[in-house]
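Engineer: Sending over a structure as structure tokens; questions will come in a sec.
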Amino acid sequence: MRRHINLQQKKLKQLKTPAFAKRTVLRMPKKNLTPTANKAIVNIQKSNSVDGMTFKGRAVAQWVSLRILQFLNQAQSVEDLTNVEEESNNYSIGATVAARILSRRSSLPRKRFSTLAELEGIAGFGEDKLNDLVILLSQRANDGFRTALFDGLLMSNWIIKPYRIEVKDDETWAKVTQSTTWRQLWLTEELGQLSELLTDTDNSERAKQYMRTAYVETFQEEEIASYAFALCWYQIDMDNWFSFNTILSKVRDYLSYYSHPSYGLTLLLVKGFPMELLGTNGVSTTDLPIILNTAERSVTVWTIELLD
């Protein structure tokens with residue numbers, strides 16, 4: 001029997017499934033739900049929340065909203081919305097409601113959902129169904145990418161660590177994304193703090209000194225960014241444990257995690273950054289990869305190393 005999760009009563013655990021966007025069947029781990037799902041739906045007083053979208057007077061975090069809309073807009077058939085294998089048996093959108101969702105979508109001017117509010121009024125689709133989607137899709141881009149990398153591609157001798165910096169202040173985020181000069185100053189301080197956390201104070205000062213004059217290459221166009229980031233990985237392992245096209249496919253899925261054109265991921269490469277300043281000891285990249293994620297309002301510093 002299908003049952004619904006009451007997000008206010010049950011503690012949710014972390015999702016560890018790979019990105020689902022291009023898969024027909026999504027398999028979810030048993031009793032492995034994310035705590036961020038509990039925070040994704042919150043009561044609000046104003047309907048024009050800039051941090052999320054609303055559904056029947058409740059707000060859903062922006063990045064989760066984008067994932068839900070992407071999931072519903074990419075569905076080509078009822079089966080795409082119902083053929084979801086979930087061991088904990090909490091996903092409960094059936095064929096009848098799925099058909100109504102597709103019918104509502106086809107009636108919209110652009111033939112696609114732009115807000116969660118457009119789901120209101122669909123018979124059988126209420127807060128319980130929305131909660132199911134929140135639980136299903138509350139996996140951040142970094143987590144989906146890292147999981148996908150170890151799903152038959154990388155072996156245990158790879159050490160992959162994403163250091164995520166959440167930027168909550170609107171003014172700071174605007175400067176980080178719009179001013180290259182200000183962003184470099186901000187990154188100088190953040191990388192200095194990260195270096196001190198991972199190694200010691202001396203390395204922190206070295207990291208700051210390097211960043212003050214470092215050349216930071218920016219890739220905003222998704223396809224070019226995919227090739228640049230994939231090349232970072234491929235150069236580490238030139239003896240072909242995996243093909244370039246294989247890692248390119250994983251990287252493309254990561255950088256297109258949010259399909260909305262306003263929320264693409266931007267790649268930064270700090271050229272020639274001394275990776276030992278962030279505690280790496282194995283074979284690593286020659287450039288430090290950093291991802292700007294507008295949907296999640298975050299900056300992620302990736303350290304990648306191969307232990308031979």
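Going through the structure tokens in order, the chains are called A, B, and so on, while each chain numbers its residues from 1 and the ligands are numbered from 1 in the order shown.
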Mind checking DSSP for region 68-152 of chain A and telling me the alpha helix (DSSP H) residues as JSON, numbers by chain?
Structural biologist: {"A": [68, 69, 70, 71, 72, 73, 74, 78, 79, 80, 81, 82, 95, 96, 97, 98, 99, 100, 101, 102, 103, 104, 105, 106, 107, 127, 128, 129, 130, 131, 132, 133, 134, 135, 136, 137, 141, 142, 143, 144, 145, 146, 147, 148, 149]}
Engineer: Name the residues of region 55-177 of chain A that come out as strand (DSSP E) in a backbone DSSP run; write them as a ChimeraX atom specification.
Structural biologist: /A:55,58-61,84-86,158-166
Engineer: For the selection you just gave me, I'd like the residues written to a file as an mmCIF file, in the first residue's frame, keeping N, CA and C atoms.
Structural biologist:
```
data_model
loop_
_atom_site.group_PDB
_atom_site.id
_atom_site.type_symbol
_atom_site.label_atom_id
_atom_site.label_comp_id
_atom_site.auth_asym_id
_atom_site.auth_seq_id
_atom_site.Cartn_x
_atom_site.Cartn_y
_atom_site.Cartn_z
ATOM 1 N N PHE A 55 3.043 26.988 -3.719
ATOM 2 C CA PHE A 55 1.995 26.043 -4.089
ATOM 3 C C PHE A 55 0.994 26.034 -2.947
ATOM 4 N N ARG A 58 2.199 27.757 0.241
ATOM 5 C CA ARG A 58 3.463 27.289 0.795
ATOM 6 C C ARG A 58 4.564 27.529 -0.231
ATOM 7 N N ALA A 59 5.770 27.685 0.260
ATOM 8 C CA ALA A 59 6.904 27.955 -0.636
ATOM 9 C C ALA A 59 7.842 26.762 -0.683
ATOM 10 N N VAL A 60 8.356 26.520 -1.860
ATOM 11 C CA VAL A 60 9.348 25.468 -2.063
ATOM 12 C C VAL A 60 10.643 26.139 -2.487
ATOM 13 N N ALA A 61 11.746 25.714 -1.916
ATOM 14 C CA ALA A 61 13.045 26.304 -2.238
ATOM 15 C C ALA A 61 13.242 26.356 -3.753
ATOM 16 N N VAL A 84 8.735 5.041 -11.823
ATOM 17 C CA VAL A 84 9.766 5.437 -10.869
ATOM 18 C C VAL A 84 9.833 4.357 -9.796
ATOM 19 N N GLU A 85 10.916 3.597 -9.806
ATOM 20 C CA GLU A 85 11.089 2.538 -8.813
ATOM 21 C C GLU A 85 11.694 3.135 -7.551
ATOM 22 N N GLU A 86 10.945 3.090 -6.467
ATOM 23 C CA GLU A 86 11.422 3.651 -5.223
ATOM 24 C C GLU A 86 11.191 2.643 -4.108
ATOM 25 N N TRP A 158 40.219 7.117 -6.303
ATOM 26 C CA TRP A 158 39.938 8.521 -6.571
ATOM 27 C C TRP A 158 39.390 9.166 -5.303
ATOM 28 N N ILE A 159 39.897 10.347 -4.989
ATOM 29 C CA ILE A 159 39.377 11.121 -3.861
ATOM 30 C C ILE A 159 38.783 12.408 -4.424
ATOM 31 N N ILE A 160 37.463 12.511 -4.327
ATOM 32 C CA ILE A 160 36.739 13.640 -4.898
ATOM 33 C C ILE A 160 36.033 14.375 -3.767
ATOM 34 N N LYS A 161 36.375 15.643 -3.572
ATOM 35 C CA LYS A 161 35.778 16.398 -2.477
ATOM 36 C C LYS A 161 35.249 17.743 -2.973
ATOM 37 N N PRO A 162 33.920 17.935 -2.904
ATOM 38 C CA PRO A 162 33.355 19.251 -3.226
ATOM 39 C C PRO A 162 33.187 20.068 -1.942
ATOM 40 N N TYR A 163 33.744 21.264 -1.920
ATOM 41 C CA TYR A 163 33.594 22.154 -0.775
ATOM 42 C C TYR A 163 32.613 23.257 -1.175
ATOM 43 N N ARG A 164 31.419 23.159 -0.648
ATOM 44 C CA ARG A 164 30.319 24.038 -1.054
ATOM 45 C C ARG A 164 30.207 25.235 -0.115
ATOM 46 N N ILE A 165 30.183 26.423 -0.705
ATOM 47 C CA ILE A 165 30.049 27.672 0.051
ATOM 48 C C ILE A 165 28.705 28.294 -0.328
ATOM 49 N N GLU A 166 27.787 28.337 0.607
ATOM 50 C CA GLU A 166 26.476 28.918 0.335
ATOM 51 C C GLU A 166 26.533 30.428 0.552
#
```
Engineer: Any idea what's packed within 8 Å of region 261-277 of chain A, counting only C-alpha atoms, ignoring anything in its chain fewer than 5 positions away? Could you give it as a ChimeraX atom specification?
Structural biologist: /A:195,199,203-204,206-207,210,214-222,225,229,255-256,284-295,303
Engineer: Excluding region 70-82 of chain A and its own-chain neighbours fewer than 3 positions away, which residues fall within 12 Å of it when counting only C-alpha atoms? Please give them as JSON, numbers by chain.
Structural biologist: {"A": [19, 20, 21, 22, 23, 24, 25, 26, 63, 64, 65, 66, 67, 85, 86, 91, 92, 93, 94, 95, 96, 97, 98, 99, 100, 101, 102, 103, 104, 105, 106, 108, 110, 111, 112, 113, 114, 115, 116, 118, 119, 130, 133, 134, 136, 137, 256, 257, 258, 259, 260, 261, 263]}
Engineer: Nearest to Leu306 (chain A): which of A:Gln139, A:Gln62, A:Thr180, A:Gln235 is it, counting only C-alpha atoms?
Structural biologist: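 The closest residue to Leu306 (chain A) is A:Gln235.
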Engineer: Can you list, as an mmCIF file with N, CA, C and O atoms, in the first residue's frame, every protein, DNA or RNA residue that comes within 8 Å of region 149-155 of chain A when you count only C-alpha atoms, leaving out same-chain residues fewer than 2 positions away?
Structural biologist:
```
data_model
loop_
_atom_site.group_PDB
_atom_site.id
_atom_site.type_symbol
_atom_site.label_atom_id
_atom_site.label_comp_id
_atom_site.auth_asym_id
_atom_site.auth_seq_id
_atom_site.Cartn_x
_atom_site.Cartn_y
_atom_site.Cartn_z
ATOM 1 N N PRO A 18 21.966 8.859 -8.184
ATOM 2 C CA PRO A 18 22.490 9.667 -9.282
ATOM 3 C C PRO A 18 21.419 10.540 -9.899
ATOM 4 O O PRO A 18 20.242 10.351 -9.682
ATOM 5 N N PHE A 145 26.221 14.632 -9.070
ATOM 6 C CA PHE A 145 27.416 14.468 -9.910
ATOM 7 C C PHE A 145 28.409 13.505 -9.275
ATOM 8 O O PHE A 145 28.914 12.584 -9.933
ATOM 9 N N ARG A 146 28.675 13.689 -8.011
ATOM 10 C CA ARG A 146 29.653 12.829 -7.329
ATOM 11 C C ARG A 146 29.182 11.378 -7.309
ATOM 12 O O ARG A 146 29.953 10.443 -7.520
ATOM 13 N N THR A 147 27.896 11.175 -7.060
ATOM 14 C CA THR A 147 27.339 9.821 -7.068
ATOM 15 C C THR A 147 27.467 9.189 -8.447
ATOM 16 O O THR A 147 27.842 8.020 -8.584
ATOM 17 N N ASN A 157 40.306 4.492 -5.682
ATOM 18 C CA ASN A 157 41.567 5.228 -5.546
ATOM 19 C C ASN A 157 41.430 6.694 -5.979
ATOM 20 O O ASN A 157 42.416 7.431 -6.008
ATOM 21 N N TRP A 158 40.219 7.117 -6.303
ATOM 22 C CA TRP A 158 39.938 8.521 -6.571
ATOM 23 C C TRP A 158 39.390 9.166 -5.303
ATOM 24 O O TRP A 158 38.516 8.615 -4.645
ATOM 25 N N PHE A 242 39.144 5.492 -18.363
ATOM 26 C CA PHE A 242 37.849 5.799 -18.952
ATOM 27 C C PHE A 242 38.089 6.685 -20.171
ATOM 28 O O PHE A 242 39.113 7.344 -20.279
ATOM 29 N N LYS A 250 29.172 12.594 -18.144
ATOM 30 C CA LYS A 250 28.885 12.853 -16.725
ATOM 31 C C LYS A 250 28.916 14.357 -16.437
ATOM 32 O O LYS A 250 28.076 14.881 -15.701
#
```
